[in-house]
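File shown: query11.cif (mmCIF, C-alpha atoms).
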```cif
data_work
#
loop_
_atom_site.label_atom_id
_atom_site.label_comp_id
_atom_site.auth_asym_id
_atom_site.auth_seq_id
_atom_site.Cartn_x
_atom_site.Cartn_y
_atom_site.Cartn_z
CA MET P 1 72.57 68.54 156.96
CA LEU P 2 71.60 65.71 159.27
CA TYR P 3 68.76 66.74 161.59
CA GLY P 4 66.43 65.18 164.12
CA HIS P 5 68.87 63.59 166.54
CA VAL P 6 70.61 65.39 169.41
CA GLU P 7 70.64 68.93 167.99
CA GLN P 8 68.21 71.70 168.87
CA PRO P 9 66.36 73.91 166.35
CA TYR P 10 68.83 76.75 166.89
CA HIS P 11 71.65 74.42 165.81
CA ARG P 12 69.87 73.84 162.50
CA ILE P 13 69.37 77.55 161.94
CA ASP P 14 73.02 78.22 162.79
CA HIS P 15 74.05 75.52 160.32
CA LEU P 16 71.88 77.05 157.57
CA LEU P 17 73.14 80.57 158.22
CA ARG P 18 76.75 79.39 158.05
CA LEU P 19 76.03 77.60 154.76
CA ARG P 20 74.36 80.73 153.41
CA GLU P 21 77.38 82.84 154.31
CA LEU P 22 79.77 80.32 152.77
CA GLN P 23 77.66 80.18 149.61
CA ASP P 24 77.72 84.00 149.40
CA ARG P 25 81.53 83.89 149.58
CA THR P 26 82.16 80.93 147.28
CA GLY P 27 79.08 80.09 145.21
CA GLY P 28 80.27 76.50 145.53
CA PHE P 29 77.04 74.67 146.38
CA GLN P 30 74.63 73.53 143.68
CA THR P 31 72.24 71.75 146.02
CA PHE P 32 71.35 71.40 149.68
CA ILE P 33 70.13 68.07 151.03
CA PRO P 34 68.42 68.00 154.44
CA LEU P 35 68.69 64.45 155.80
CA ALA P 36 66.46 63.22 158.62
CA PHE P 37 68.09 61.02 161.23
CA HIS P 38 66.81 57.43 161.32
CA PRO P 39 67.37 56.14 164.86
CA GLU P 40 66.58 52.44 164.38
CA ASN P 41 69.58 50.13 164.52
CA THR P 42 71.82 52.87 165.95
CA LYS P 43 73.15 53.66 169.41
CA LEU P 44 70.52 56.44 169.50
CA SER P 45 67.57 54.10 168.87
CA ASN P 46 65.82 55.59 171.91
CA LEU P 47 65.24 58.82 169.95
CA LYS P 48 62.05 59.50 168.03
CA LYS P 49 62.38 59.72 164.24
CA PRO P 50 61.66 63.19 162.75
CA SER P 51 58.03 63.54 161.68
CA ALA P 52 56.80 64.44 158.19
CA PRO P 53 55.80 67.93 159.39
CA MET P 54 59.34 68.42 160.75
CA ASP P 55 60.76 67.24 157.42
CA LEU P 56 58.57 69.68 155.49
CA ARG P 57 59.36 72.57 157.85
CA THR P 58 63.07 71.84 157.48
CA ILE P 59 62.80 71.92 153.69
CA ALA P 60 60.75 75.13 153.73
CA ILE P 61 63.11 76.92 156.11
CA SER P 62 66.09 75.69 154.08
CA ARG P 63 64.59 77.13 150.89
CA LEU P 64 63.95 80.49 152.58
CA VAL P 65 67.37 80.77 154.23
CA LEU P 66 69.34 79.30 151.34
CA ASP P 67 67.85 81.39 148.56
CA ASN P 68 71.40 81.59 147.19
CA VAL P 69 71.63 77.80 146.68
CA PRO P 70 70.03 76.83 143.36
CA HIS P 71 68.47 73.52 144.41
CA ILE P 72 66.93 71.93 147.51
CA LYS P 73 66.64 68.17 147.43
CA ALA P 74 63.80 66.12 148.94
CA TYR P 75 65.51 62.74 149.05
CA TRP P 76 62.56 60.38 148.48
CA ILE P 77 64.36 57.33 149.80
CA MET P 78 64.73 59.04 153.18
CA LEU P 79 61.48 61.02 153.32
CA GLY P 80 59.18 58.49 151.75
CA ILE P 81 57.38 59.05 148.48
CA GLY P 82 54.38 60.97 149.85
CA THR P 83 56.46 63.38 151.92
CA ALA P 84 58.88 63.89 149.02
CA GLN P 85 55.92 64.76 146.78
CA ALA P 86 54.60 67.23 149.38
CA ALA P 87 58.10 68.72 149.73
CA LEU P 88 57.80 69.96 146.15
CA ALA P 89 55.26 72.48 147.48
CA TYR P 90 57.55 73.40 150.40
CA GLY P 91 60.58 74.60 148.44
CA ALA P 92 62.24 71.43 147.16
CA ASP P 93 62.87 71.23 143.42
CA ASP P 94 64.70 67.90 143.24
CA ILE P 95 63.62 64.52 144.58
CA ASP P 96 66.71 62.63 143.42
CA GLY P 97 66.40 59.70 141.16
CA THR P 98 66.74 56.05 140.38
CA VAL P 99 68.74 55.03 143.43
CA ARG P 100 69.90 51.43 143.37
CA HIS P 101 70.69 49.26 146.39
CA GLU P 102 70.68 52.02 149.01
CA LEU P 103 71.98 50.72 152.33
CA ILE P 104 72.57 53.61 154.73
CA TYR P 105 68.94 54.55 155.42
CA HIS P 106 67.63 51.03 155.03
CA ASP P 107 70.17 49.66 157.52
CA ALA P 108 68.94 52.39 159.89
CA GLY P 109 65.31 51.39 159.49
CA ALA P 110 63.97 53.09 156.35
CA THR P 111 61.04 51.20 154.83
CA THR P 112 60.93 53.07 151.51
CA PRO P 113 61.54 51.19 148.27
CA GLU P 114 65.20 50.72 147.36
CA ILE P 115 64.58 51.70 143.75
CA LEU P 116 62.08 53.60 141.60
CA THR P 117 62.08 53.50 137.82
CA VAL P 118 62.33 56.66 135.74
CA ASP P 119 58.66 56.25 134.79
CA GLN P 120 57.64 55.91 138.45
CA ILE P 121 59.59 59.06 139.34
CA ARG P 122 58.07 60.99 136.45
CA HIS P 123 54.61 59.86 137.57
CA LEU P 124 55.06 60.90 141.20
CA ILE P 125 56.40 64.31 140.12
CA SER P 126 53.51 64.85 137.71
CA GLU P 127 51.05 63.61 140.35
CA ALA P 128 52.42 66.34 142.64
CA GLY P 129 51.53 68.92 139.98
CA ARG P 130 55.08 69.52 138.73
CA ASP P 131 56.83 68.97 135.42
CA PRO P 132 59.58 66.34 135.57
CA VAL P 133 62.91 67.22 133.98
CA GLU P 134 65.69 64.69 133.71
CA ARG P 135 69.08 66.08 134.66
CA ASP P 136 72.65 64.95 135.09
CA THR P 137 74.70 65.29 138.29
CA ILE P 138 75.58 68.93 137.60
CA TYR P 139 71.99 69.94 136.84
CA ARG P 140 72.17 70.06 133.06
CA HIS P 141 68.99 69.05 131.25
CA VAL P 142 69.33 65.59 129.68
CA HIS P 143 67.89 65.17 126.19
CA ARG P 144 67.21 61.58 125.08
CA ASP P 145 66.38 60.20 121.68
CA PRO P 146 63.02 58.46 122.30
CA ASP P 147 64.04 55.75 119.82
CA ASN P 148 67.39 55.14 121.54
CA LEU P 149 67.21 55.93 125.26
CA LYS P 150 70.86 55.00 125.73
CA SER P 151 71.79 57.86 123.41
CA TRP P 152 71.60 61.19 125.22
CA GLU P 153 73.18 64.62 125.41
CA THR P 154 73.06 67.45 127.90
CA GLY P 155 71.76 70.95 127.43
CA GLU P 156 71.64 74.10 129.50
CA GLU P 157 71.63 74.09 133.27
CA VAL P 158 68.20 73.45 134.72
CA GLU P 159 67.08 76.60 136.51
CA VAL P 160 63.57 76.49 137.91
CA SER P 161 62.01 73.12 137.41
CA LEU P 162 61.81 69.76 139.00
CA GLU P 163 64.61 67.32 138.47
CA VAL P 164 64.66 63.61 137.83
CA ALA P 165 68.16 62.25 138.36
CA ARG P 166 69.66 59.78 135.94
#
```
Can the structure from this file be put into structure tokens for me?
Amino acid sequence: MLYGHVEQPYHRIDHLLRLRELQDRTGGFQTFIPLAFHPENTKLSNLKKPSAPMDLRTIAISRLVLDNVPHIKAYWIMLGIGTAQAALAYGADDIDGTVRHELIYHDAGATTPEILTVDQIRHLISEAGRDPVERDTIYRHVHRDPDNLKSWETGEEVEVSLEVAR
């Protein structure tokens, strides 16, 4: 859900309630990703970018309303590392992973790094007081052979822990 542009708070709540109802009917969503609008370099550059408190409120409200969606993502490349870390205490359980060459947010003015290593992601999750768990795209725990990191297999679906995307 894109937020922080021309919509009002009641539009966001309506959006979340509709997603909740659809999830109740279908069970089709594995994650919800709130995305803050970046106004720079757009036709709406006169708008103010959503603040970190707005980002954290959006994540917290999303977790409360969407209790039927297993995962809430705090996309670090959009939020920034510090806000993404804080979001782990506001209902997010996934900060995404080792993104490479991200253009959408950076073209719109994001100043976050374009890449973090797996070790950097593990560190920021641990620094936020959470246990990092590497997962695949469908939220199965990834098990790696420490002697051969290219050799890996998946396990059970990750339920209640913090994810590190591959």
With the PyMOL selection byres ((chain P and resi 58-69) around 8) as the selection, what would be picked from this file? Answer as a ChimeraX atom specification, please. /P:16-17,19-20,23-24,27,29-32,34,54-57,70-72,74,87,90-92
List every protein, DNA or RNA residue that has at least one atom no more than 7 Å from (66.0, 66.1, 146.8) in the file's coordinates, counting only C-alpha atoms, and write the result as JSON, numbers by chain. {"P": [33, 72, 73, 74, 75, 76, 92, 93, 94, 95, 96]}
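Take atom CA of P:Ser45 and atom CA of P:Met78: the distance between them is 16.7 Å.
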Missing atoms of stretch 72-89 of chain P rebuilt to N, CA and C atoms, written as a PDB file, keeping the file's coordinate frame:
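Writing the result to part.pdb gives the following:
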```pdb
ATOM      1  N   ILE P  72      67.177  72.599 146.229  1.00  0.00           N
ATOM      2  CA  ILE P  72      66.930  71.930 147.510  1.00  0.00           C
ATOM      3  C   ILE P  72      66.375  70.556 147.188  1.00  0.00           C
ATOM      4  N   LYS P  73      67.023  69.535 147.745  1.00  0.00           N
ATOM      5  CA  LYS P  73      66.640  68.170 147.430  1.00  0.00           C
ATOM      6  C   LYS P  73      65.732  67.591 148.519  1.00  0.00           C
ATOM      7  N   ALA P  74      64.667  66.916 148.069  1.00  0.00           N
ATOM      8  CA  ALA P  74      63.800  66.120 148.940  1.00  0.00           C
ATOM      9  C   ALA P  74      64.106  64.672 148.603  1.00  0.00           C
ATOM     10  N   TYR P  75      65.002  64.084 149.336  1.00  0.00           N
ATOM     11  CA  TYR P  75      65.510  62.740 149.050  1.00  0.00           C
ATOM     12  C   TYR P  75      64.429  61.711 149.350  1.00  0.00           C
ATOM     13  N   TRP P  76      63.734  61.241 148.312  1.00  0.00           N
ATOM     14  CA  TRP P  76      62.560  60.380 148.480  1.00  0.00           C
ATOM     15  C   TRP P  76      62.861  59.112 149.265  1.00  0.00           C
ATOM     16  N   ILE P  77      64.048  58.572 149.128  1.00  0.00           N
ATOM     17  CA  ILE P  77      64.360  57.330 149.800  1.00  0.00           C
ATOM     18  C   ILE P  77      64.407  57.503 151.313  1.00  0.00           C
ATOM     19  N   MET P  78      64.683  58.734 151.754  1.00  0.00           N
ATOM     20  CA  MET P  78      64.730  59.040 153.180  1.00  0.00           C
ATOM     21  C   MET P  78      63.386  59.560 153.678  1.00  0.00           C
ATOM     22  N   LEU P  79      62.741  60.404 152.904  1.00  0.00           N
ATOM     23  CA  LEU P  79      61.480  61.020 153.320  1.00  0.00           C
ATOM     24  C   LEU P  79      60.273  60.116 153.146  1.00  0.00           C
ATOM     25  N   GLY P  80      60.355  59.233 152.182  1.00  0.00           N
ATOM     26  CA  GLY P  80      59.180  58.490 151.750  1.00  0.00           C
ATOM     27  C   GLY P  80      58.579  59.215 150.557  1.00  0.00           C
ATOM     28  N   ILE P  81      57.883  58.483 149.732  1.00  0.00           N
ATOM     29  CA  ILE P  81      57.380  59.050 148.480  1.00  0.00           C
ATOM     30  C   ILE P  81      56.374  60.165 148.718  1.00  0.00           C
ATOM     31  N   GLY P  82      55.405  59.955 149.601  1.00  0.00           N
ATOM     32  CA  GLY P  82      54.380  60.970 149.850  1.00  0.00           C
ATOM     33  C   GLY P  82      54.953  62.258 150.395  1.00  0.00           C
ATOM     34  N   THR P  83      55.851  62.171 151.346  1.00  0.00           N
ATOM     35  CA  THR P  83      56.460  63.380 151.920  1.00  0.00           C
ATOM     36  C   THR P  83      57.344  64.070 150.885  1.00  0.00           C
ATOM     37  N   ALA P  84      58.058  63.297 150.078  1.00  0.00           N
ATOM     38  CA  ALA P  84      58.880  63.890 149.020  1.00  0.00           C
ATOM     39  C   ALA P  84      58.004  64.650 148.021  1.00  0.00           C
ATOM     40  N   GLN P  85      56.846  64.060 147.683  1.00  0.00           N
ATOM     41  CA  GLN P  85      55.920  64.760 146.780  1.00  0.00           C
ATOM     42  C   GLN P  85      55.447  66.064 147.423  1.00  0.00           C
ATOM     43  N   ALA P  86      55.061  66.021 148.688  1.00  0.00           N
ATOM     44  CA  ALA P  86      54.600  67.230 149.380  1.00  0.00           C
ATOM     45  C   ALA P  86      55.721  68.259 149.459  1.00  0.00           C
ATOM     46  N   ALA P  87      56.956  67.807 149.610  1.00  0.00           N
ATOM     47  CA  ALA P  87      58.100  68.720 149.730  1.00  0.00           C
ATOM     48  C   ALA P  87      58.259  69.600 148.501  1.00  0.00           C
ATOM     49  N   LEU P  88      57.724  69.153 147.368  1.00  0.00           N
ATOM     50  CA  LEU P  88      57.800  69.960 146.150  1.00  0.00           C
ATOM     51  C   LEU P  88      56.980  71.240 146.291  1.00  0.00           C
ATOM     52  N   ALA P  89      56.038  71.264 147.206  1.00  0.00           N
ATOM     53  CA  ALA P  89      55.260  72.480 147.480  1.00  0.00           C
ATOM     54  C   ALA P  89      55.849  73.265 148.648  1.00  0.00           C
TER      55      ALA P  89
END
```
